[in-house]
Amino acid sequence: MNLNALLYLCLMAFNHYQWTAPVAAPCWSTEEQKLFGLINEYRAKNRLPAISASASLTIVAQTHVQDLEKNQPATGKCNLHSWSDKGTWKACCYTPDHKNAALMWSKPAELTNYPSDGFEIAYWHSDAATAAEALNGWKTSAGHNALLINKNIWKDKKWKAMGIGIYQHYAVVWFGLETDPLGKPEFCK
């Protein structure tokens, strides 16, 4: 076999198999770690199991808070579950009628190898988002609280993964129904 034929076969084999670089686990800030603990404490007080930390859902959460802060997709009729058109993801204007819910729920599969949809709660503060204030805000919102403690439409869901992102004015938490193959996030040094 000549060299050109060998190179052609190697190129064809390389193109046939999709190669992806390994993804490094994200890390949690002190405030993100605090929110993780506060949510699981709140669930324990409501006789619910703790939710495992998820590196994949943390990637989604940290990407989303950065997008919310830097690109401001939550304007007009688009709420905090919206995503801008300034990234490698599909843009999403999430409206109160939940018309684009599937586009938001699919962000974990779009941005990571997480094996199922994700469900998000989001928070904004005019000064800076903190773990305690975010959780208190969600606890006082019927819809957000229901997701946190598996009530109403969430009563039959068994959360197996949780990712957290806090950046400047925003905090988001993503919940998933599958164990994360990427494992847990690290703690930032």
# chains A, B, ... in the order shown; residues from 1 in each chain; ligands from 1

$ residues_around --residues "Gly143 in chain A" --least-positions-apart "5" --cutoff "12 Å" --atoms "only C-alpha atoms" --output "PyMOL selection string"
chain A and resi 120-122+137-138+148-154

$ write_last_selection --atoms "N, CA and C atoms" --output "PDB file, in the first residue's frame"
ATOM      1  N   GLU A 120     -34.317  24.239  35.659  1.00  0.00           N
ATOM      2  CA  GLU A 120     -33.585  25.337  36.264  1.00  0.00           C
ATOM      3  C   GLU A 120     -34.459  26.226  37.138  1.00  0.00           C
ATOM      4  N   ILE A 121     -33.849  26.711  38.221  1.00  0.00           N
ATOM      5  CA  ILE A 121     -34.400  27.837  38.966  1.00  0.00           C
ATOM      6  C   ILE A 121     -33.365  28.947  38.879  1.00  0.00           C
ATOM      7  N   ALA A 122     -33.817  30.178  38.740  1.00  0.00           N
ATOM      8  CA  ALA A 122     -32.914  31.309  38.538  1.00  0.00           C
ATOM      9  C   ALA A 122     -33.272  32.455  39.479  1.00  0.00           C
ATOM     10  N   GLY A 137     -35.301  33.540  48.390  1.00  0.00           N
ATOM     11  CA  GLY A 137     -36.181  33.976  47.306  1.00  0.00           C
ATOM     12  C   GLY A 137     -36.942  32.821  46.689  1.00  0.00           C
ATOM     13  N   TRP A 138     -36.258  31.715  46.456  1.00  0.00           N
ATOM     14  CA  TRP A 138     -36.914  30.547  45.870  1.00  0.00           C
ATOM     15  C   TRP A 138     -37.931  29.932  46.822  1.00  0.00           C
ATOM     16  N   LEU A 148     -37.784  22.708  44.317  1.00  0.00           N
ATOM     17  CA  LEU A 148     -36.789  22.415  45.354  1.00  0.00           C
ATOM     18  C   LEU A 148     -37.187  21.237  46.232  1.00  0.00           C
ATOM     19  N   ILE A 149     -38.474  21.152  46.576  1.00  0.00           N
ATOM     20  CA  ILE A 149     -38.906  20.121  47.525  1.00  0.00           C
ATOM     21  C   ILE A 149     -39.935  19.151  46.931  1.00  0.00           C
ATOM     22  N   ASN A 150     -39.880  18.995  45.633  1.00  0.00           N
ATOM     23  CA  ASN A 150     -40.670  17.980  44.933  1.00  0.00           C
ATOM     24  C   ASN A 150     -42.156  18.002  45.288  1.00  0.00           C
ATOM     25  N   LYS A 151     -42.767  19.138  45.047  1.00  0.00           N
ATOM     26  CA  LYS A 151     -44.210  19.285  45.262  1.00  0.00           C
ATOM     27  C   LYS A 151     -44.889  19.524  43.912  1.00  0.00           C
ATOM     28  N   ASN A 152     -46.205  19.414  43.919  1.00  0.00           N
ATOM     29  CA  ASN A 152     -47.040  19.711  42.740  1.00  0.00           C
ATOM     30  C   ASN A 152     -46.559  18.943  41.513  1.00  0.00           C
ATOM     31  N   ILE A 153     -46.258  19.629  40.408  1.00  0.00           N
ATOM     32  CA  ILE A 153     -45.874  18.929  39.176  1.00  0.00           C
ATOM     33  C   ILE A 153     -44.537  18.191  39.309  1.00  0.00           C
ATOM     34  N   TRP A 154     -43.771  18.489  40.356  1.00  0.00           N
ATOM     35  CA  TRP A 154     -42.456  17.873  40.557  1.00  0.00           C
ATOM     36  C   TRP A 154     -42.500  16.717  41.560  1.00  0.00           C
TER      37      TRP A 154
END

$ residues_around --residues "Trp124 in chain A" --least-positions-apart "6" --cutoff "7 Å" --atoms "only C-alpha atoms" --output "PyMOL selection string"
chain A and resi 169-171

$ select_by_dssp --residues "range 92-185 of chain A" --states "helix (DSSP H, G or I)" --output "ChimeraX atom specification"
/A:101-105,107-111,131-139,142-148,152-154

$ write_last_selection --atoms "N, CA, C and O atoms" --output "tab-separated table (two decimals), in the first residue's frame"
chain	number	residue	atom	x	y	z
A	101	ALA	N	-39.98	26.00	26.64
A	101	ALA	CA	-39.44	25.20	27.75
A	101	ALA	C	-38.51	24.09	27.26
A	101	ALA	O	-37.44	23.90	27.83
A	102	ALA	N	-38.88	23.39	26.22
A	102	ALA	CA	-38.05	22.27	25.74
A	102	ALA	C	-36.67	22.75	25.30
A	102	ALA	O	-35.68	22.04	25.50
A	103	LEU	N	-36.58	23.94	24.73
A	103	LEU	CA	-35.30	24.48	24.30
A	103	LEU	C	-34.42	24.79	25.51
A	103	LEU	O	-33.20	24.61	25.47
A	104	MET	N	-35.01	25.22	26.60
A	104	MET	CA	-34.25	25.47	27.83
A	104	MET	C	-33.88	24.15	28.50
A	104	MET	O	-32.75	23.94	28.89
A	105	TRP	N	-34.83	23.23	28.61
A	105	TRP	CA	-34.56	21.96	29.27
A	105	TRP	C	-33.45	21.17	28.59
A	105	TRP	O	-32.77	20.38	29.23
A	107	LYS	N	-30.65	22.23	27.37
A	107	LYS	CA	-29.31	22.84	27.48
A	107	LYS	C	-28.26	21.87	28.03
A	107	LYS	O	-27.12	21.89	27.56
A	108	PRO	N	-28.56	21.01	29.03
A	108	PRO	CA	-27.52	20.08	29.48
A	108	PRO	C	-26.98	19.18	28.37
A	108	PRO	O	-25.76	19.00	28.25
A	109	ALA	N	-27.85	18.65	27.52
A	109	ALA	CA	-27.39	17.81	26.41
A	109	ALA	C	-26.70	18.63	25.34
A	109	ALA	O	-25.79	18.15	24.66
A	110	GLU	N	-27.11	19.87	25.19
A	110	GLU	CA	-26.51	20.75	24.19
A	110	GLU	C	-25.09	21.17	24.58
A	110	GLU	O	-24.21	21.28	23.72
A	111	LEU	N	-24.86	21.38	25.87
A	111	LEU	CA	-23.57	21.90	26.33
A	111	LEU	C	-22.64	20.84	26.92
A	111	LEU	O	-21.45	21.10	27.08
A	131	ALA	N	-25.88	32.95	48.20
A	131	ALA	CA	-26.53	31.66	48.40
A	131	ALA	C	-27.77	31.79	49.28
A	131	ALA	O	-28.85	31.31	48.92
A	132	ALA	N	-27.63	32.44	50.41
A	132	ALA	CA	-28.75	32.54	51.36
A	132	ALA	C	-29.92	33.33	50.77
A	132	ALA	O	-31.08	32.92	50.89
A	133	GLU	N	-29.63	34.46	50.13
A	133	GLU	CA	-30.71	35.27	49.56
A	133	GLU	C	-31.39	34.55	48.40
A	133	GLU	O	-32.61	34.64	48.23
A	134	ALA	N	-30.63	33.85	47.58
A	134	ALA	CA	-31.22	33.10	46.47
A	134	ALA	C	-32.17	32.03	47.00
A	134	ALA	O	-33.33	31.94	46.57
A	135	LEU	N	-31.70	31.24	47.97
A	135	LEU	CA	-32.56	30.19	48.50
A	135	LEU	C	-33.81	30.79	49.16
A	135	LEU	O	-34.91	30.28	48.95
A	136	ASN	N	-33.65	31.86	49.92
A	136	ASN	CA	-34.82	32.49	50.54
A	136	ASN	C	-35.81	32.99	49.49
A	136	ASN	O	-37.01	32.86	49.67
A	137	GLY	N	-35.30	33.54	48.39
A	137	GLY	CA	-36.18	33.98	47.31
A	137	GLY	C	-36.94	32.82	46.69
A	137	GLY	O	-38.15	32.92	46.44
A	138	TRP	N	-36.26	31.71	46.46
A	138	TRP	CA	-36.91	30.55	45.87
A	138	TRP	C	-37.93	29.93	46.82
A	138	TRP	O	-38.98	29.46	46.40
A	139	LYS	N	-37.62	29.93	48.11
A	139	LYS	CA	-38.54	29.36	49.09
A	139	LYS	C	-39.86	30.14	49.15
A	139	LYS	O	-40.91	29.58	49.44
A	142	ALA	N	-43.81	30.06	45.02
A	142	ALA	CA	-44.47	28.76	44.98
A	142	ALA	C	-43.90	27.82	43.92
A	142	ALA	O	-43.63	26.65	44.19
A	143	GLY	N	-43.70	28.33	42.71
A	143	GLY	CA	-43.19	27.48	41.63
A	143	GLY	C	-41.77	27.00	41.87
A	143	GLY	O	-41.46	25.82	41.62
A	144	HIS	N	-40.91	27.89	42.35
A	144	HIS	CA	-39.51	27.51	42.60
A	144	HIS	C	-39.41	26.57	43.80
A	144	HIS	O	-38.65	25.61	43.80
A	145	ASN	N	-40.18	26.88	44.84
A	145	ASN	CA	-40.16	26.05	46.04
A	145	ASN	C	-40.64	24.63	45.72
A	145	ASN	O	-40.08	23.66	46.22
A	146	ALA	N	-41.65	24.52	44.87
A	146	ALA	CA	-42.16	23.20	44.49
A	146	ALA	C	-41.07	22.36	43.84
A	146	ALA	O	-40.95	21.16	44.13
A	147	LEU	N	-40.25	22.96	42.99
A	147	LEU	CA	-39.16	22.21	42.35
A	147	LEU	C	-38.12	21.81	43.39
A	147	LEU	O	-37.62	20.68	43.38
A	148	LEU	N	-37.78	22.71	44.32
A	148	LEU	CA	-36.79	22.41	45.35
A	148	LEU	C	-37.19	21.24	46.23
A	148	LEU	O	-36.34	20.43	46.62
A	152	ASN	N	-46.20	19.41	43.92
A	152	ASN	CA	-47.04	19.71	42.74
A	152	ASN	C	-46.56	18.94	41.51
A	152	ASN	O	-46.44	17.73	41.58
A	153	ILE	N	-46.26	19.63	40.41
A	153	ILE	CA	-45.87	18.93	39.18
A	153	ILE	C	-44.54	18.19	39.31
A	153	ILE	O	-44.22	17.35	38.48
A	154	TRP	N	-43.77	18.49	40.36
A	154	TRP	CA	-42.46	17.87	40.56
A	154	TRP	C	-42.50	16.72	41.56
A	154	TRP	O	-41.46	16.14	41.88

$ residues_around --residues "Pro73 in chain A" --least-positions-apart "4" --cutoff "12 Å" --atoms "only C-alpha atoms" --output "list in words"
His64, Val65, Gln66, Asp67, Leu68, Glu69, Lys77, Cys78, Asn79, Leu80, His81, Ser82, Trp83, Ser84, Asp85, Lys86, Gly87, Ala91, Cys92, Cys93, Tyr94 and Thr95 of chain A

$ write_last_selection --atoms "N, CA, C and O atoms" --output "compact mmCIF listing (two decimals), in the first residue's frame"
# COMPACT_ATOMS: atom_id res chain seq x y z
N HIS A 64 -24.65 29.61 32.11
CA HIS A 64 -25.86 30.42 32.05
C HIS A 64 -25.73 31.72 32.85
O HIS A 64 -26.13 32.78 32.37
N VAL A 65 -25.15 31.66 34.06
CA VAL A 65 -25.03 32.91 34.83
C VAL A 65 -24.08 33.89 34.15
O VAL A 65 -24.30 35.10 34.18
N GLN A 66 -23.06 33.37 33.49
CA GLN A 66 -22.16 34.25 32.73
C GLN A 66 -22.92 34.90 31.57
O GLN A 66 -22.78 36.10 31.32
N ASP A 67 -23.73 34.11 30.87
CA ASP A 67 -24.52 34.63 29.76
C ASP A 67 -25.53 35.67 30.25
O ASP A 67 -25.70 36.73 29.65
N LEU A 68 -26.21 35.36 31.35
CA LEU A 68 -27.18 36.31 31.90
C LEU A 68 -26.52 37.64 32.26
O LEU A 68 -27.06 38.71 31.95
N GLU A 69 -25.36 37.58 32.88
CA GLU A 69 -24.68 38.81 33.32
C GLU A 69 -24.10 39.58 32.14
O GLU A 69 -24.30 40.79 32.03
N LYS A 77 -40.13 40.40 27.21
CA LYS A 77 -40.93 39.23 27.60
C LYS A 77 -40.06 38.02 27.94
O LYS A 77 -40.58 37.02 28.43
N CYS A 78 -38.76 38.10 27.73
CA CYS A 78 -37.84 36.98 27.99
C CYS A 78 -37.40 37.01 29.46
O CYS A 78 -36.81 37.98 29.91
N ASN A 79 -37.64 35.91 30.20
CA ASN A 79 -37.30 35.89 31.61
C ASN A 79 -35.91 35.30 31.86
O ASN A 79 -35.14 35.08 30.93
N LEU A 80 -35.59 35.04 33.13
CA LEU A 80 -34.24 34.59 33.51
C LEU A 80 -33.86 33.21 32.98
O LEU A 80 -32.69 32.84 33.05
N HIS A 81 -34.79 32.46 32.43
CA HIS A 81 -34.45 31.16 31.84
C HIS A 81 -34.02 31.31 30.38
O HIS A 81 -33.75 30.32 29.71
N SER A 82 -33.95 32.53 29.90
CA SER A 82 -33.57 32.81 28.51
C SER A 82 -32.06 32.72 28.31
O SER A 82 -31.28 32.92 29.25
N TRP A 83 -31.67 32.43 27.09
CA TRP A 83 -30.25 32.35 26.69
C TRP A 83 -30.04 33.26 25.49
O TRP A 83 -30.87 33.30 24.57
N SER A 84 -28.92 33.95 25.46
CA SER A 84 -28.63 34.88 24.37
C SER A 84 -28.22 34.12 23.10
O SER A 84 -28.04 32.90 23.12
N ASP A 85 -27.98 34.87 22.04
CA ASP A 85 -27.45 34.31 20.80
C ASP A 85 -25.94 34.55 20.70
O ASP A 85 -25.38 34.54 19.62
N LYS A 86 -25.28 34.75 21.82
CA LYS A 86 -23.86 35.10 21.85
C LYS A 86 -22.94 33.94 22.23
O LYS A 86 -21.80 34.15 22.62
N GLY A 87 -23.42 32.72 22.15
CA GLY A 87 -22.60 31.58 22.54
C GLY A 87 -22.71 30.44 21.55
O GLY A 87 -23.28 30.58 20.47
N ALA A 91 -30.06 30.04 20.97
CA ALA A 91 -30.70 31.12 21.72
C ALA A 91 -32.10 30.69 22.13
O ALA A 91 -32.75 29.88 21.45
N CYS A 92 -32.57 31.25 23.26
CA CYS A 92 -33.88 30.88 23.77
C CYS A 92 -34.48 32.07 24.52
O CYS A 92 -33.88 32.56 25.46
N CYS A 93 -35.64 32.52 24.07
CA CYS A 93 -36.42 33.52 24.80
C CYS A 93 -37.48 32.74 25.57
O CYS A 93 -38.43 32.24 24.99
N TYR A 94 -37.29 32.62 26.87
CA TYR A 94 -38.22 31.87 27.70
C TYR A 94 -39.29 32.82 28.20
O TYR A 94 -39.02 33.75 28.92
N THR A 95 -40.51 32.56 27.80
CA THR A 95 -41.63 33.45 28.11
C THR A 95 -42.53 32.83 29.19
O THR A 95 -42.47 31.62 29.43

$ residues_around --residues "range 31-38 of chain A" --least-positions-apart "3" --cutoff "8 Å" --atoms "only C-alpha atoms" --output "compact mmCIF listing (two decimals) with N, CA and C atoms, in the first residue's frame"
# COMPACT_ATOMS: atom_id res chain seq x y z
N TRP A 28 -16.49 24.79 42.13
CA TRP A 28 -17.47 25.62 42.83
C TRP A 28 -16.76 26.65 43.70
N GLU A 41 -29.80 20.93 52.98
CA GLU A 41 -30.32 21.09 54.35
C GLU A 41 -31.83 21.34 54.31
N TYR A 42 -32.26 22.20 53.40
CA TYR A 42 -33.68 22.51 53.26
C TYR A 42 -34.47 21.26 52.87
N ALA A 53 -24.05 16.35 43.78
CA ALA A 53 -23.44 17.42 42.98
C ALA A 53 -23.13 16.90 41.58
N THR A 130 -26.36 36.05 46.45
CA THR A 130 -25.72 35.23 47.47
C THR A 130 -26.52 33.95 47.63
N ALA A 131 -25.88 32.95 48.20
CA ALA A 131 -26.53 31.66 48.40
C ALA A 131 -27.77 31.79 49.28
N ALA A 132 -27.63 32.44 50.41
CA ALA A 132 -28.75 32.54 51.36
C ALA A 132 -29.92 33.33 50.77
N LEU A 135 -31.70 31.24 47.97
CA LEU A 135 -32.56 30.19 48.50
C LEU A 135 -33.81 30.79 49.16
N ILE A 164 -24.72 24.13 40.12
CA ILE A 164 -24.92 25.47 40.65
C ILE A 164 -23.97 26.46 39.98
N GLY A 165 -24.50 27.65 39.71
CA GLY A 165 -23.69 28.76 39.21
C GLY A 165 -24.12 30.05 39.88
N ILE A 166 -23.16 30.78 40.42
CA ILE A 166 -23.42 32.11 40.98
C ILE A 166 -22.37 33.04 40.39
N PHE A 187 -13.74 21.83 44.16
CA PHE A 187 -13.85 23.06 44.93
C PHE A 187 -12.74 23.99 44.46

$ decode --residues "range 25-52 of chain A" --atoms "N, CA and C atoms" --output "PDB file, in the first residue's frame"
ATOM      1  N   ALA A  25     -13.458  18.918  34.977  1.00  0.00           N
ATOM      2  CA  ALA A  25     -14.540  19.190  35.920  1.00  0.00           C
ATOM      3  C   ALA A  25     -14.486  20.661  36.334  1.00  0.00           C
ATOM      4  N   PRO A  26     -15.633  21.305  36.398  1.00  0.00           N
ATOM      5  CA  PRO A  26     -15.660  22.700  36.847  1.00  0.00           C
ATOM      6  C   PRO A  26     -15.429  22.750  38.358  1.00  0.00           C
ATOM      7  N   CYS A  27     -15.229  23.941  38.866  1.00  0.00           N
ATOM      8  CA  CYS A  27     -15.089  24.072  40.314  1.00  0.00           C
ATOM      9  C   CYS A  27     -16.146  25.016  40.862  1.00  0.00           C
ATOM     10  N   TRP A  28     -16.494  24.795  42.126  1.00  0.00           N
ATOM     11  CA  TRP A  28     -17.467  25.624  42.828  1.00  0.00           C
ATOM     12  C   TRP A  28     -16.763  26.647  43.701  1.00  0.00           C
ATOM     13  N   SER A  29     -17.263  27.867  43.665  1.00  0.00           N
ATOM     14  CA  SER A  29     -16.794  28.900  44.580  1.00  0.00           C
ATOM     15  C   SER A  29     -17.334  28.591  45.982  1.00  0.00           C
ATOM     16  N   THR A  30     -16.859  29.323  46.955  1.00  0.00           N
ATOM     17  CA  THR A  30     -17.364  29.158  48.322  1.00  0.00           C
ATOM     18  C   THR A  30     -18.871  29.384  48.379  1.00  0.00           C
ATOM     19  N   GLU A  31     -19.356  30.407  47.677  1.00  0.00           N
ATOM     20  CA  GLU A  31     -20.796  30.719  47.688  1.00  0.00           C
ATOM     21  C   GLU A  31     -21.601  29.630  46.990  1.00  0.00           C
ATOM     22  N   GLU A  32     -21.068  29.044  45.916  1.00  0.00           N
ATOM     23  CA  GLU A  32     -21.751  27.943  45.229  1.00  0.00           C
ATOM     24  C   GLU A  32     -21.808  26.705  46.126  1.00  0.00           C
ATOM     25  N   GLN A  33     -20.704  26.417  46.831  1.00  0.00           N
ATOM     26  CA  GLN A  33     -20.685  25.303  47.782  1.00  0.00           C
ATOM     27  C   GLN A  33     -21.713  25.529  48.884  1.00  0.00           C
ATOM     28  N   LYS A  34     -21.800  26.769  49.348  1.00  0.00           N
ATOM     29  CA  LYS A  34     -22.759  27.113  50.401  1.00  0.00           C
ATOM     30  C   LYS A  34     -24.188  26.871  49.924  1.00  0.00           C
ATOM     31  N   LEU A  35     -24.513  27.279  48.707  1.00  0.00           N
ATOM     32  CA  LEU A  35     -25.863  27.077  48.180  1.00  0.00           C
ATOM     33  C   LEU A  35     -26.185  25.597  48.063  1.00  0.00           C
ATOM     34  N   PHE A  36     -25.238  24.801  47.631  1.00  0.00           N
ATOM     35  CA  PHE A  36     -25.431  23.351  47.548  1.00  0.00           C
ATOM     36  C   PHE A  36     -25.807  22.790  48.920  1.00  0.00           C
ATOM     37  N   GLY A  37     -25.061  23.187  49.937  1.00  0.00           N
ATOM     38  CA  GLY A  37     -25.346  22.723  51.295  1.00  0.00           C
ATOM     39  C   GLY A  37     -26.691  23.203  51.807  1.00  0.00           C
ATOM     40  N   LEU A  38     -27.017  24.473  51.550  1.00  0.00           N
ATOM     41  CA  LEU A  38     -28.285  25.030  52.015  1.00  0.00           C
ATOM     42  C   LEU A  38     -29.484  24.334  51.370  1.00  0.00           C
ATOM     43  N   ILE A  39     -29.376  24.031  50.082  1.00  0.00           N
ATOM     44  CA  ILE A  39     -30.482  23.336  49.404  1.00  0.00           C
ATOM     45  C   ILE A  39     -30.681  21.948  49.989  1.00  0.00           C
ATOM     46  N   ASN A  40     -29.585  21.217  50.199  1.00  0.00           N
ATOM     47  CA  ASN A  40     -29.727  19.870  50.753  1.00  0.00           C
ATOM     48  C   ASN A  40     -30.189  19.908  52.215  1.00  0.00           C
ATOM     49  N   GLU A  41     -29.803  20.926  52.982  1.00  0.00           N
ATOM     50  CA  GLU A  41     -30.325  21.088  54.348  1.00  0.00           C
ATOM     51  C   GLU A  41     -31.831  21.345  54.308  1.00  0.00           C
ATOM     52  N   TYR A  42     -32.260  22.196  53.399  1.00  0.00           N
ATOM     53  CA  TYR A  42     -33.681  22.507  53.257  1.00  0.00           C
ATOM     54  C   TYR A  42     -34.474  21.261  52.866  1.00  0.00           C
ATOM     55  N   ARG A  43     -33.917  20.470  51.963  1.00  0.00           N
ATOM     56  CA  ARG A  43     -34.578  19.228  51.569  1.00  0.00           C
ATOM     57  C   ARG A  43     -34.655  18.256  52.749  1.00  0.00           C
ATOM     58  N   ALA A  44     -33.591  18.173  53.544  1.00  0.00           N
ATOM     59  CA  ALA A  44     -33.590  17.280  54.712  1.00  0.00           C
ATOM     60  C   ALA A  44     -34.682  17.696  55.704  1.00  0.00           C
ATOM     61  N   LYS A  45     -34.862  19.000  55.903  1.00  0.00           N
ATOM     62  CA  LYS A  45     -35.920  19.489  56.807  1.00  0.00           C
ATOM     63  C   LYS A  45     -37.297  19.114  56.285  1.00  0.00           C
ATOM     64  N   ASN A  46     -37.400  18.882  54.993  1.00  0.00           N
ATOM     65  CA  ASN A  46     -38.659  18.468  54.377  1.00  0.00           C
ATOM     66  C   ASN A  46     -38.701  16.958  54.120  1.00  0.00           C
ATOM     67  N   ARG A  47     -37.823  16.237  54.816  1.00  0.00           N
ATOM     68  CA  ARG A  47     -37.745  14.767  54.754  1.00  0.00           C
ATOM     69  C   ARG A  47     -37.509  14.247  53.337  1.00  0.00           C
ATOM     70  N   LEU A  48     -36.629  14.926  52.629  1.00  0.00           N
ATOM     71  CA  LEU A  48     -36.275  14.529  51.266  1.00  0.00           C
ATOM     72  C   LEU A  48     -34.796  14.175  51.209  1.00  0.00           C
ATOM     73  N   PRO A  49     -34.413  13.290  50.303  1.00  0.00           N
ATOM     74  CA  PRO A  49     -32.999  12.918  50.201  1.00  0.00           C
ATOM     75  C   PRO A  49     -32.156  14.052  49.618  1.00  0.00           C
ATOM     76  N   ALA A  50     -30.884  14.027  49.964  1.00  0.00           N
ATOM     77  CA  ALA A  50     -29.931  14.971  49.380  1.00  0.00           C
ATOM     78  C   ALA A  50     -29.785  14.687  47.892  1.00  0.00           C
ATOM     79  N   ILE A  51     -29.410  15.708  47.154  1.00  0.00           N
ATOM     80  CA  ILE A  51     -29.164  15.581  45.717  1.00  0.00           C
ATOM     81  C   ILE A  51     -27.662  15.639  45.501  1.00  0.00           C
ATOM     82  N   SER A  52     -27.131  14.761  44.658  1.00  0.00           N
ATOM     83  CA  SER A  52     -25.698  14.733  44.376  1.00  0.00           C
ATOM     84  C   SER A  52     -25.257  15.920  43.542  1.00  0.00           C
TER      85      SER A  52
END
